[in-house]
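*Asks:* Just passing along the structure, written as structure tokens.
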Amino acid sequence: MADVLSGEGKTNCVGTPVQVTQMQSELGAAGAVHGAASAGALVTTFTASQGLLLMVPAMYKVVGELLPVVFHVAARQVASNSNSIYGEHSDVMATRHTGISMLCSHSVQEVMDLALVSHVAALRSSLPFLHFFDGFQVSHEMQKIKMIPHTDMVQFLDAQLVQKFRDRSINPMHPRVRSMLNNRDTLFQAVEANNSYFAALPEVVEQAMKDVAKLTGRPHGLFEYAGSPRAERVVVMMGAGSQAVGEVVEHMGDVAVGYVKVHLFRPWSIKHFLAVLPPTVKIICTLDRCREPSAIGEPLFMDVSSSVQQAGLQVRVIGGRYGLGDKAFTPAMVKAVYDNMVLEHPKHPFTVGIEDDVTHLSLPVGPVLHTVPEGTKQCIFWGLGSDGTVGANRVAIQLIGKNTPLYTQGYFFFTAHKAGGITTSHLRFGPQQICSSYPIQAADYIACHHPTYVRKYPLLEPLKEGGVFVLNCVWPRDEVAAHLTASVRRQLAQRKAKFYVINAYAISKAAGLGGHINLVMQTVFFKLAHVIDVDSAVALLKESVVRAYAKKGADVIACNQRAIDEALSGLAEVAYPASWADEKDPETAAPLPASLATADNEFRDWIKKIKLPLDALEGDKFPVSYFSPFGHAPTGTTQFEKRGIATQIPMWNADTCVQCTTCSFVCPHAAIRPFLCTADQAANAPEGFIVKPAKGITSKDKMFRIQVSPLDCTGCGLCTCACPVKGTLQMAPIDEVREKQSALWDFCAALPRFPCTPEEAPQCTLKGSQLLRPLFEFCGACAGCGEGAYLKLISQLFGERLVVANAAGCSSAIALIYGSTPYSRSELGWGPCLSSPLFENNAEYGFGCAKGHTLLREKLVRSVKALLGGDLSHVSQDLQAALKLWLDNVNDRRKSLEQTKVLYPLLEKEHADGGLLEKIYKERDAFPKISHWLVGGDGWAYDIDFAGVDHVLAQGHDVRVLILDTELYSNTGGQKSKGSSKGSVLKFASAGHQRNKKDFGEMMMSSYDDIYIAQVALNANPAQALRAFIEADEYDGPSVVIAYCPCIEHGITSTNWIDETRLAVASGYWPLYRYNPSLKKQGKNPLQLDSTVTKTVEEFLKHENRFQRLVRERPDRATKLHAELVDFTHHKFAMLKQKAEAKQF
């Protein structure tokens, strides 16, 4: 929002234009904040989680130098043995030792109020503040709040204090030295010199709260007590969970309980804390939303215990943990906390909200406790990621909040899949302030926007008696019952629910919106939920469409409004018999996936116990014992998901197929593949198994087939666009072909996994590469994702010896979901290993892995040499020959892997001699020459870890870097990166990016002479991409592959992603090349330009909304910036061509 205001030229409360600067990382942002404040500017920054930890060194400086800056933080989990993007307080608690003042907001309204308080108090105290609130739970919650106008804020900007602050700034008009180096004789005294500032701070904050309250009418205190004035049991906590505690305390009525909300956490004021405690308190329970496993208690427990001890109170203090990783904290859990406090020996420490069957710390939680205010309408929407459900619900909250006196609240929950995952929107509307900081437990209205959910998930568990259930599906009203489970039918009847169906797909398609059903379903909601008059709602919804899509043109607006007009025409109520209430669930459990039959017991048990319940959204029920203390999880689990999210899938026409396998090559999900079989195998296949004689391989007895997995396909249509023979692949409605094609897929998947040897179909050919089983399959990427196909390719080429160090981003988000790992194993049980370190040190982490494996391999080489040079009487001739052959080819990646496969069974038979052979057996994992790939996006490689990538490449070690270049930060919503192009509209570049793209390849070619570098675009030239990856892996030294990745954030319109990528290449916007330093030894130019210019850059730009948005919004600026981009592109290509044609190199 600040960036949008800046782009629009808006001013702040003192009339200064808003300026927003995006740095390369949070480390850089903190340094810039430190510098700006040192220069006398009033400055702030925003961050969360791992990024906050990068700011810690700068925090020490701004605290020590008494600089009044404010860090606003959406508090989130910090990665340990597990990782999460969701809220808790582990990140902010890691900063408390810096001495920064910490102010906590517990609700959306408090974020508004205390943000101002933090700035006022920072200026008055000359101390920096960290203002924090729960990430996602508060930062992404939608609430109807009262804003403080900027014009009212200016009264708190004391000109004299600002001048005093600036008088202390760095300026040659009054020169001074800051941050001097003290010796042991003076350091102690120097750091103690500012104690009085910290001592005075609680009163400063308290006064700032009072002053702001005079303006707003909303009082706040450093500590706020609520509950019985004679309370004996008091909970002390920070964060959004306090709202649930407040509901329960009010629900308990006259029971002697209460709670304290902590606002000022640092510095902790014992005086102010004790002042709010009721004199009758006998036991205090602290609730911390973080975990400090090596401490005797969490931070809040330690502070409260110390306060009580110093005051000499005879009060017992216990502590527990709640809500880690945004785990729901419900009224029943709050009651469990209060119930624990009345026990003679209350549990301490404890956890609440989970079942701890390992250390037995968890509290028992009773049945659901309903504490939501009367008159609150509660609605749940089940959507499919990227179908627009969440966005439409945000619009509904805004419309109702702005146009009615009702209070509103919206919580949004997502599974971790990038697209096609499950979204649930929890909306509340009511006449009273809504403080229910947890998911809906008793819904008046439930809508299911994707028909497959009705058979998979517990949709109706929270539905109230007499509630409304709406199902979007393609089934007619009189056929829908056959598609419902017995459980769904029974719940509908037992709860006397009103049941409606609608085919929103048909309505949206007819309106020209394709699969975007959000506005149709939103109109249905306004009709059935009775929150707002439907006619008024429809009118407001149409107005919102004009505002939302004004930048996309009149045609888009018309399509959306047409969908709204036609929405209710397809709505039908389903009358069901009372006998549904007595329906019984099937006695036999659903069959397990057929592929589990050949799995080992440990893997099969993991899938049954963890994976399948996770997919059924039952992860909340898992006890602690289900999880590895090391954070490990098996690979190859996505094959069991069968999400079935596509509405259409490609069907293969054998008659016109030329067997190029391009369709398989471009598929990011590995959902369409070529298969080979014998004629006998084909004869025993299910009906419809059409094959044709295989071409392009040396074997003459193989038959060929292209097969899609209907339940794994996302329906993106990328394969149909890439196919050189149009009509060979045609999209068909999945309901018409699902059953038959699923059976054919199962048969194909059971065929021998390696039907061709490398000699029959060389891996360096397109077809040969695609006949290898992908060891990256069925990932959770967006439909048509530009990144997934590259990851799939390296898994095919190098999978059995592949180690991936994956920077945070889309490529890790689609591969590191707990229980949903697309990296898989070969028939030998070998396969890629994946780990994701910190975003900012992925290159260094991957380099460390490579060095570690090299050292282990060198150790193995010494052991093998020692064995072969000694007494071999106890070693078989076969093993001797295999070891010698391995040693001869130790640096040949392919041959060493082949020999590893020979050596493993031989060593298994002969290793038990207790000598060198036993040692070699224990070191056998080092036999393959591992291919180490450091993977990440342009934001990682060009921005946050650029120094690390550069330094690692400069070491000359055998590492491979894969840069998945989307030209923006895809995983966080489309912010600009140094990979972004001039004239594109992005977050932090809302007025058009002003700088040219960082040319990483050119920089590396110019800086070093021993790094292999290739720039590829898989969708445009598959053969060049394949060759580049093979050369990069075979190169003796560091190598880099820069891969063009079209992304949904590009807003590609009026064409498909395949053709647009081809345009990027053909226009010179994305030139293809390979720079191989080893060619110099052959007297050849190391730079080979693999593309030519046949199209214009302007033609490429006109199909992407990231560029066209600037044309619509700022045409003059677009003309200037796009002309400069065209000139830059022409110049860049000309320079490349000149270098590639040079005779001297």
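Ordered as shown in the structure tokens, chains take letters A, B, and onward, while each chain numbers its residues from 1 and ligands are numbered from 1 in the order shown.
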Fewer than 2 positions away in the same chain doesn't count, so skip those; otherwise give me all residues within 12 Å of Ala244 in chain A, counting only C-alpha atoms, as an MDAnalysis selection string.
*Replies:* chainID A and resid 106:107 235 237:242 246:251 259 261 323 328:335 369:373 434:439
*Asks:* Taking 3 positions as the minimum chain separation for residues in the same chain, which residues sit within 12 Å of Gln796 in chain A when counting only C-alpha atoms? Answer as a PyMOL selection string.
*Replies:* chain A and resi 664-665+670+753-754+763-764+766-777+789-793+799-802+823-826+831-832+1026+1029-1030
*Asks:* Check which residues of range 408-466 of chain A sit at most 12 Å from range 599-621 of chain A using only C-alpha atoms, and return one row each with the closest pair of atoms and their distance in Å to one decimal, ordered by chain and rising number, as a Markdown table.
*Replies:*
| residue | atom | partner | partner_atom | distance |
| --- | --- | --- | --- | --- |
| A:Phe413 | CA | A:Leu617 | CA | 12.0 |
| A:Phe414 | CA | A:Leu617 | CA | 11.3 |
| A:Thr415 | CA | A:Leu617 | CA | 9.3 |
| A:Ala416 | CA | A:Asp615 | CA | 11.6 |
| A:His417 | CA | A:Asp615 | CA | 11.8 |
| A:Gly421 | CA | A:Asp615 | CA | 10.6 |
| A:Ile422 | CA | A:Leu617 | CA | 9.7 |
| A:Thr423 | CA | A:Leu617 | CA | 11.6 |
| A:Thr424 | CA | A:Leu617 | CA | 11.6 |
| A:Tyr453 | CA | A:Ala616 | CA | 9.7 |
| A:Val454 | CA | A:Ala616 | CA | 11.3 |
| A:Arg455 | CA | A:Ala616 | CA | 9.9 |
| A:Lys456 | CA | A:Ala616 | CA | 6.2 |
| A:Tyr457 | CA | A:Ala616 | CA | 5.6 |
| A:Pro458 | CA | A:Ala616 | CA | 8.0 |
| A:Leu459 | CA | A:Leu617 | CA | 10.4 |
*Asks:* Using only C-alpha atoms, which of A:Ala1023, A:Val875, A:Leu460, A:Ala37 sits nearest Thr765 in chain A?
*Replies:* A:Ala1023
*Asks:* Any idea what's packed within 8 Å of Ala1066 in chain A, counting only C-alpha atoms, ignoring anything in its chain fewer than 3 positions away? Could you give it as a PyMOL selection string?
*Replies:* chain A and resi 1062-1063+1069-1071+1091-1096
*Asks:* Would you export the selected residues with N, CA, C and O atoms as a PDB file, in the first residue's frame, please?
*Replies:*
ATOM      1  N   ARG A1062       8.350 -18.375 -26.612  1.00  0.00           N
ATOM      2  CA  ARG A1062       8.991 -18.353 -27.929  1.00  0.00           C
ATOM      3  C   ARG A1062       9.178 -16.923 -28.433  1.00  0.00           C
ATOM      4  O   ARG A1062      10.190 -16.584 -29.050  1.00  0.00           O
ATOM      5  N   LEU A1063       8.189 -16.066 -28.132  1.00  0.00           N
ATOM      6  CA  LEU A1063       8.323 -14.651 -28.499  1.00  0.00           C
ATOM      7  C   LEU A1063       9.457 -13.982 -27.726  1.00  0.00           C
ATOM      8  O   LEU A1063      10.190 -13.157 -28.285  1.00  0.00           O
ATOM      9  N   TYR A1069      14.545 -10.636 -26.473  1.00  0.00           N
ATOM     10  CA  TYR A1069      14.347 -10.284 -25.060  1.00  0.00           C
ATOM     11  C   TYR A1069      15.050 -11.288 -24.153  1.00  0.00           C
ATOM     12  O   TYR A1069      15.598 -10.923 -23.121  1.00  0.00           O
ATOM     13  N   TRP A1070      14.996 -12.567 -24.525  1.00  0.00           N
ATOM     14  CA  TRP A1070      15.659 -13.621 -23.738  1.00  0.00           C
ATOM     15  C   TRP A1070      16.536 -14.441 -24.693  1.00  0.00           C
ATOM     16  O   TRP A1070      16.141 -15.495 -25.181  1.00  0.00           O
ATOM     17  N   PRO A1071      17.734 -13.980 -24.959  1.00  0.00           N
ATOM     18  CA  PRO A1071      18.610 -14.728 -25.870  1.00  0.00           C
ATOM     19  C   PRO A1071      19.074 -16.044 -25.249  1.00  0.00           C
ATOM     20  O   PRO A1071      19.290 -16.128 -24.041  1.00  0.00           O
ATOM     21  N   SER A1091      20.191 -18.564 -30.427  1.00  0.00           N
ATOM     22  CA  SER A1091      18.918 -18.007 -30.897  1.00  0.00           C
ATOM     23  C   SER A1091      19.181 -16.839 -31.823  1.00  0.00           C
ATOM     24  O   SER A1091      20.248 -16.221 -31.795  1.00  0.00           O
ATOM     25  N   THR A1092      18.191 -16.536 -32.646  1.00  0.00           N
ATOM     26  CA  THR A1092      18.268 -15.400 -33.554  1.00  0.00           C
ATOM     27  C   THR A1092      17.034 -14.518 -33.343  1.00  0.00           C
ATOM     28  O   THR A1092      16.032 -14.945 -32.761  1.00  0.00           O
ATOM     29  N   VAL A1093      17.107 -13.307 -33.827  1.00  0.00           N
ATOM     30  CA  VAL A1093      15.998 -12.362 -33.683  1.00  0.00           C
ATOM     31  C   VAL A1093      15.143 -12.383 -34.945  1.00  0.00           C
ATOM     32  O   VAL A1093      15.621 -12.060 -36.044  1.00  0.00           O
ATOM     33  N   THR A1094      13.892 -12.768 -34.767  1.00  0.00           N
ATOM     34  CA  THR A1094      12.951 -12.805 -35.896  1.00  0.00           C
ATOM     35  C   THR A1094      11.655 -12.062 -35.591  1.00  0.00           C
ATOM     36  O   THR A1094      10.794 -11.936 -36.465  1.00  0.00           O
ATOM     37  N   LYS A1095      11.489 -11.616 -34.352  1.00  0.00           N
ATOM     38  CA  LYS A1095      10.288 -10.890 -33.942  1.00  0.00           C
ATOM     39  C   LYS A1095      10.700  -9.583 -33.261  1.00  0.00           C
ATOM     40  O   LYS A1095      11.874  -9.354 -32.964  1.00  0.00           O
ATOM     41  N   THR A1096       9.729  -8.731 -32.998  1.00  0.00           N
ATOM     42  CA  THR A1096      10.019  -7.466 -32.324  1.00  0.00           C
ATOM     43  C   THR A1096       9.756  -7.581 -30.830  1.00  0.00           C
ATOM     44  O   THR A1096       8.920  -8.372 -30.390  1.00  0.00           O
TER      45      THR A1096
END
*Asks:* From the DSSP assignment of the backbone, select every residue of range 238-338 of chain A that is strand (DSSP E), and format the answer as a ChimeraX atom specification.
*Replies:* /A:257-262,264-266,283-288,316-322
*Asks:* With only C-alpha atoms as the counted atoms, please give the residues lying no more than 12 Å from Leu343 in chain A, apart from itself and same-chain residues fewer than 3 positions off, as a PyMOL selection string.
*Replies:* chain A and resi 233+283+318+336-340+346-348+363
*Asks:* Between A:Leu906, A:Gly221, A:Ser425, A:Pro650, which is the closest to Ala396 in chain A once you count only C-alpha atoms?
*Replies:*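 Ranking A:Leu906, A:Gly221, A:Ser425, A:Pro650 by distance to Ala396 in chain A, first place goes to A:Ser425.
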*Asks:* Just how far from CA of Ile1052 in chain A is CA of His1103 in chain A, in Å to one decimal?
*Replies:*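 Computed distance, CA of His1103 in chain A to CA of Ile1052 in chain A, equals 5.7 Å.
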*Asks:* Select from range 972-1056 of chain A every residue with an atom at most 12 Å from any atom of range 892-905 of chain A, then for each give the shortest pair of atoms and their distance in Å to one decimal, using only C-alpha atoms, rows by chain and rising number, as a Markdown table.
*Replies:*
| residue | atom | partner | partner_atom | distance |
| --- | --- | --- | --- | --- |
| A:Ile1030 | CA | A:Arg893 | CA | 10.9 |
| A:Glu1031 | CA | A:Arg893 | CA | 11.8 |
| A:Ala1032 | CA | A:Arg893 | CA | 12.0 |
| A:Asp1033 | CA | A:Arg893 | CA | 8.4 |
| A:Glu1034 | CA | A:Arg893 | CA | 7.3 |
| A:Tyr1035 | CA | A:Arg893 | CA | 10.3 |
| A:Asp1036 | CA | A:Asp892 | CA | 10.0 |
*Asks:* Would you mind exporting N, CA, C and O atoms of the selected residues as a PDB file, in the first residue's frame?
*Replies:*
ATOM      1  N   ILE A1030      22.910 -30.926 -19.549  1.00  0.00           N
ATOM      2  CA  ILE A1030      23.876 -32.022 -19.594  1.00  0.00           C
ATOM      3  C   ILE A1030      25.295 -31.471 -19.580  1.00  0.00           C
ATOM      4  O   ILE A1030      26.173 -31.969 -18.862  1.00  0.00           O
ATOM      5  N   GLU A1031      25.549 -30.422 -20.358  1.00  0.00           N
ATOM      6  CA  GLU A1031      26.882 -29.813 -20.366  1.00  0.00           C
ATOM      7  C   GLU A1031      27.238 -29.218 -19.018  1.00  0.00           C
ATOM      8  O   GLU A1031      28.378 -29.330 -18.556  1.00  0.00           O
ATOM      9  N   ALA A1032      26.265 -28.585 -18.369  1.00  0.00           N
ATOM     10  CA  ALA A1032      26.512 -27.989 -17.057  1.00  0.00           C
ATOM     11  C   ALA A1032      26.904 -29.054 -16.043  1.00  0.00           C
ATOM     12  O   ALA A1032      27.802 -28.847 -15.212  1.00  0.00           O
ATOM     13  N   ASP A1033      26.248 -30.208 -16.118  1.00  0.00           N
ATOM     14  CA  ASP A1033      26.557 -31.279 -15.178  1.00  0.00           C
ATOM     15  C   ASP A1033      27.911 -31.901 -15.471  1.00  0.00           C
ATOM     16  O   ASP A1033      28.642 -32.275 -14.546  1.00  0.00           O
ATOM     17  N   GLU A1034      28.261 -32.021 -16.735  1.00  0.00           N
ATOM     18  CA  GLU A1034      29.517 -32.672 -17.102  1.00  0.00           C
ATOM     19  C   GLU A1034      30.718 -31.750 -16.957  1.00  0.00           C
ATOM     20  O   GLU A1034      31.857 -32.212 -16.926  1.00  0.00           O
ATOM     21  N   TYR A1035      30.502 -30.472 -16.865  1.00  0.00           N
ATOM     22  CA  TYR A1035      31.607 -29.507 -16.819  1.00  0.00           C
ATOM     23  C   TYR A1035      32.420 -29.685 -15.545  1.00  0.00           C
ATOM     24  O   TYR A1035      31.891 -29.852 -14.444  1.00  0.00           O
ATOM     25  N   ASP A1036      33.728 -29.654 -15.707  1.00  0.00           N
ATOM     26  CA  ASP A1036      34.643 -29.815 -14.569  1.00  0.00           C
ATOM     27  C   ASP A1036      34.894 -28.457 -13.933  1.00  0.00           C
ATOM     28  O   ASP A1036      35.855 -27.758 -14.258  1.00  0.00           O
TER      29      ASP A1036
END
*Asks:* Would you kindly return, as a compact mmCIF listing (two decimals) with N, CA, C and O atoms, in the first residue's frame, each protein, DNA or RNA residue with an atom no farther than 12 Å from any atom of range 851-864 of chain A, considering only C-alpha atoms and excluding same-chain residues fewer than 3 positions away?
*Replies:*
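So the final result, stored in part12.txt, reads:
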# COMPACT_ATOMS: atom_id res chain seq x y z
N ARG A 801 21.56 -39.35 -8.32
CA ARG A 801 22.75 -38.81 -7.67
C ARG A 801 22.61 -37.31 -7.44
O ARG A 801 23.59 -36.57 -7.43
N LEU A 802 21.39 -36.86 -7.24
CA LEU A 802 21.09 -35.43 -7.18
C LEU A 802 20.88 -34.96 -5.75
O LEU A 802 20.14 -35.57 -4.97
N VAL A 803 21.57 -33.86 -5.40
CA VAL A 803 21.34 -33.16 -4.13
C VAL A 803 20.98 -31.72 -4.47
O VAL A 803 21.71 -31.05 -5.21
N GLU A 844 25.82 -20.75 -0.02
CA GLU A 844 26.85 -21.20 0.91
C GLU A 844 26.51 -22.57 1.49
O GLU A 844 27.40 -23.43 1.65
N TYR A 845 25.25 -22.78 1.79
CA TYR A 845 24.81 -24.09 2.31
C TYR A 845 25.07 -25.19 1.28
O TYR A 845 25.63 -26.24 1.59
N GLY A 846 24.68 -24.94 0.04
CA GLY A 846 24.90 -25.94 -1.01
C GLY A 846 26.38 -26.19 -1.25
O GLY A 846 26.79 -27.33 -1.51
N PHE A 847 27.17 -25.13 -1.18
CA PHE A 847 28.62 -25.28 -1.32
C PHE A 847 29.17 -26.16 -0.20
O PHE A 847 30.01 -27.04 -0.43
N GLY A 848 28.68 -25.94 1.01
CA GLY A 848 29.13 -26.76 2.14
C GLY A 848 28.78 -28.22 1.95
O GLY A 848 29.58 -29.12 2.25
N LEU A 867 42.68 -50.98 -0.18
CA LEU A 867 42.23 -52.37 -0.33
C LEU A 867 42.86 -53.01 -1.55
O LEU A 867 43.38 -54.15 -1.48
N LEU A 868 42.80 -52.33 -2.67
CA LEU A 868 43.33 -52.90 -3.91
C LEU A 868 44.84 -53.05 -3.88
O LEU A 868 45.41 -53.87 -4.62
N GLY A 869 45.51 -52.30 -3.04
CA GLY A 869 46.96 -52.40 -2.93
C GLY A 869 47.42 -53.41 -1.90
O GLY A 869 48.63 -53.57 -1.69
N GLY A 870 46.49 -54.08 -1.23
CA GLY A 870 46.84 -55.03 -0.19
C GLY A 870 46.48 -56.45 -0.54
O GLY A 870 46.38 -56.82 -1.73
N LEU A 872 44.29 -59.38 -1.34
CA LEU A 872 42.96 -59.48 -1.95
C LEU A 872 42.43 -60.91 -1.93
O LEU A 872 41.48 -61.23 -2.65
N LEU A 879 34.33 -58.38 -7.47
CA LEU A 879 34.39 -57.16 -6.67
C LEU A 879 35.68 -56.39 -6.97
O LEU A 879 35.67 -55.15 -7.07
N GLN A 880 36.79 -57.10 -7.12
CA GLN A 880 38.04 -56.44 -7.46
C GLN A 880 37.91 -55.68 -8.77
O GLN A 880 38.30 -54.51 -8.88
N ALA A 881 37.35 -56.36 -9.77
CA ALA A 881 37.21 -55.73 -11.09
C ALA A 881 36.29 -54.51 -11.03
O ALA A 881 36.56 -53.48 -11.65
N ALA A 882 35.20 -54.65 -10.26
CA ALA A 882 34.26 -53.54 -10.15
C ALA A 882 34.88 -52.34 -9.45
O ALA A 882 34.67 -51.19 -9.85
N LEU A 883 35.66 -52.58 -8.40
CA LEU A 883 36.32 -51.49 -7.68
C LEU A 883 37.36 -50.81 -8.55
O LEU A 883 37.49 -49.58 -8.54
N LYS A 884 38.12 -51.60 -9.32
CA LYS A 884 39.12 -51.02 -10.21
C LYS A 884 38.45 -50.16 -11.29
O LYS A 884 38.92 -49.06 -11.61
N LEU A 885 37.37 -50.67 -11.85
CA LEU A 885 36.66 -49.92 -12.89
C LEU A 885 36.07 -48.63 -12.33
O LEU A 885 36.09 -47.58 -12.98
N TRP A 886 35.55 -48.71 -11.10
CA TRP A 886 35.03 -47.48 -10.46
C TRP A 886 36.15 -46.47 -10.26
O TRP A 886 35.98 -45.29 -10.53
N LEU A 887 37.31 -46.96 -9.79
CA LEU A 887 38.43 -46.07 -9.54
C LEU A 887 38.91 -45.42 -10.83
O LEU A 887 39.26 -44.22 -10.84
N ASP A 888 38.89 -46.17 -11.92
CA ASP A 888 39.31 -45.62 -13.21
C ASP A 888 38.37 -44.53 -13.69
O ASP A 888 38.77 -43.66 -14.47
N ASN A 889 37.10 -44.62 -13.28
CA ASN A 889 36.08 -43.68 -13.75
C ASN A 889 35.51 -42.84 -12.61
O ASN A 889 34.36 -42.40 -12.67
N VAL A 890 36.32 -42.61 -11.59
CA VAL A 890 35.80 -41.98 -10.37
C VAL A 890 35.23 -40.59 -10.62
O VAL A 890 34.30 -40.15 -9.93
N ASN A 891 35.73 -39.88 -11.62
CA ASN A 891 35.25 -38.52 -11.90
C ASN A 891 34.26 -38.46 -13.06
O ASN A 891 33.84 -37.38 -13.44
N SER A 896 30.49 -43.68 -12.99
CA SER A 896 30.63 -43.99 -11.56
C SER A 896 29.30 -44.42 -10.97
O SER A 896 29.25 -45.28 -10.09
N LEU A 903 28.50 -52.35 -7.69
CA LEU A 903 29.22 -52.55 -6.43
C LEU A 903 28.31 -52.84 -5.24
O LEU A 903 28.67 -53.63 -4.36
N GLY A 915 37.42 -55.69 8.20
CA GLY A 915 38.59 -54.92 7.81
C GLY A 915 38.23 -53.79 6.86
O GLY A 915 37.19 -53.14 6.99
N LEU A 916 39.11 -53.58 5.87
CA LEU A 916 38.90 -52.49 4.92
C LEU A 916 37.61 -52.64 4.13
O LEU A 916 36.94 -51.67 3.81
N LEU A 917 37.25 -53.88 3.82
CA LEU A 917 36.03 -54.10 3.07
C LEU A 917 34.80 -53.64 3.85
O LEU A 917 33.86 -53.07 3.28
N GLU A 918 34.84 -53.90 5.14
CA GLU A 918 33.74 -53.42 5.99
C GLU A 918 33.70 -51.90 6.02
O GLU A 918 32.64 -51.28 5.98
N LYS A 919 34.89 -51.29 6.06
CA LYS A 919 34.97 -49.83 6.07
C LYS A 919 34.41 -49.26 4.76
O LYS A 919 33.65 -48.28 4.76
N ILE A 920 34.78 -49.88 3.63
CA ILE A 920 34.28 -49.43 2.34
C ILE A 920 32.77 -49.59 2.26
O ILE A 920 32.06 -48.72 1.74
N TYR A 921 32.27 -50.68 2.83
CA TYR A 921 30.82 -50.90 2.83
C TYR A 921 30.12 -49.77 3.59
O TYR A 921 29.09 -49.26 3.14
N LYS A 922 30.67 -49.37 4.71
CA LYS A 922 30.05 -48.30 5.49
C LYS A 922 30.15 -46.94 4.79
O LYS A 922 29.34 -46.05 5.03
N GLU A 923 31.17 -46.81 3.92
CA GLU A 923 31.37 -45.55 3.20
C GLU A 923 30.75 -45.58 1.80
O GLU A 923 30.93 -44.66 1.01
N ARG A 924 29.96 -46.62 1.49
CA ARG A 924 29.52 -46.87 0.13
C ARG A 924 28.64 -45.77 -0.46
O ARG A 924 28.54 -45.63 -1.68
N ASP A 925 27.98 -44.96 0.38
CA ASP A 925 27.13 -43.89 -0.15
C ASP A 925 27.94 -42.85 -0.92
O ASP A 925 27.35 -42.04 -1.64
N ALA A 926 29.26 -42.87 -0.77
CA ALA A 926 30.10 -41.90 -1.48
C ALA A 926 30.53 -42.40 -2.85
O ALA A 926 31.26 -41.69 -3.56
N PHE A 927 30.13 -43.59 -3.27
CA PHE A 927 30.52 -44.10 -4.58
C PHE A 927 30.04 -43.21 -5.73
O PHE A 927 30.81 -42.88 -6.63
N PRO A 928 28.79 -42.79 -5.78
CA PRO A 928 28.36 -41.94 -6.91
C PRO A 928 29.00 -40.56 -6.82
O PRO A 928 29.23 -40.04 -5.73
N LYS A 929 29.29 -39.97 -7.97
CA LYS A 929 29.73 -38.57 -7.99
C LYS A 929 28.48 -37.71 -7.98
O LYS A 929 27.79 -37.57 -9.01
N ILE A 930 28.16 -37.18 -6.82
CA ILE A 930 26.89 -36.47 -6.62
C ILE A 930 26.86 -35.18 -7.43
O ILE A 930 27.86 -34.47 -7.54
N SER A 931 25.72 -34.91 -8.00
CA SER A 931 25.50 -33.67 -8.72
C SER A 931 24.80 -32.69 -7.78
O SER A 931 23.65 -32.89 -7.39
N HIS A 932 25.53 -31.66 -7.39
CA HIS A 932 25.01 -30.68 -6.42
C HIS A 932 24.44 -29.48 -7.17
O HIS A 932 25.16 -28.78 -7.88
N VAL A 952 30.68 -18.41 -4.01
CA VAL A 952 30.72 -19.86 -4.22
C VAL A 952 31.24 -20.18 -5.61
O VAL A 952 32.09 -21.07 -5.79
N GLN A 955 34.96 -20.02 -6.06
CA GLN A 955 35.79 -21.05 -5.44
C GLN A 955 36.25 -22.10 -6.44
O GLN A 955 37.18 -22.87 -6.17
N GLY A 956 35.58 -22.17 -7.61
CA GLY A 956 35.99 -23.12 -8.62
C GLY A 956 35.59 -24.55 -8.34
O GLY A 956 36.06 -25.48 -9.01
N HIS A 957 34.71 -24.77 -7.37
CA HIS A 957 34.32 -26.13 -6.98
C HIS A 957 33.21 -26.64 -7.90
O HIS A 957 32.51 -25.86 -8.54
N ASP A 958 33.06 -27.96 -7.95
CA ASP A 958 32.01 -28.59 -8.76
C ASP A 958 30.64 -28.37 -8.14
O ASP A 958 30.13 -29.22 -7.40
N VAL A 959 30.02 -27.22 -8.41
CA VAL A 959 28.64 -26.99 -8.01
C VAL A 959 27.89 -26.46 -9.22
O VAL A 959 28.48 -25.84 -10.11
*Asks:* Just the residues within 9 Å of Thr972 in chain A, please, counting only C-alpha atoms, with nothing from its chain fewer than 2 positions along; format it as a list of chain:residue names.
*Replies:*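 Near neighbours after the sequence-gap exclusion: A:Gly809, A:Cys810, A:Tyr969, A:Ser970, A:Gly974, A:Gln975.
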*Asks:* Between A:Gly512, A:Tyr549, A:Phe622, A:Leu300, which one has atoms that come closest to Arg1112 in chain A, using only C-alpha atoms?
*Replies:*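 The answer is A:Tyr549, which sits nearest to Arg1112 in chain A.
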*Asks:* Would you compute the distance between CA of Leu222 in chain A and CA of Val33 in chain A? Give it in Å to one decimal.
*Replies:* 26.6 Å
*Asks:* Considering only C-alpha atoms, can you say which of A:Leu968, A:Ala75, A:Val1126, A:Cys782 comes closest to Leu384 in chain A?
*Replies:* A:Cys782
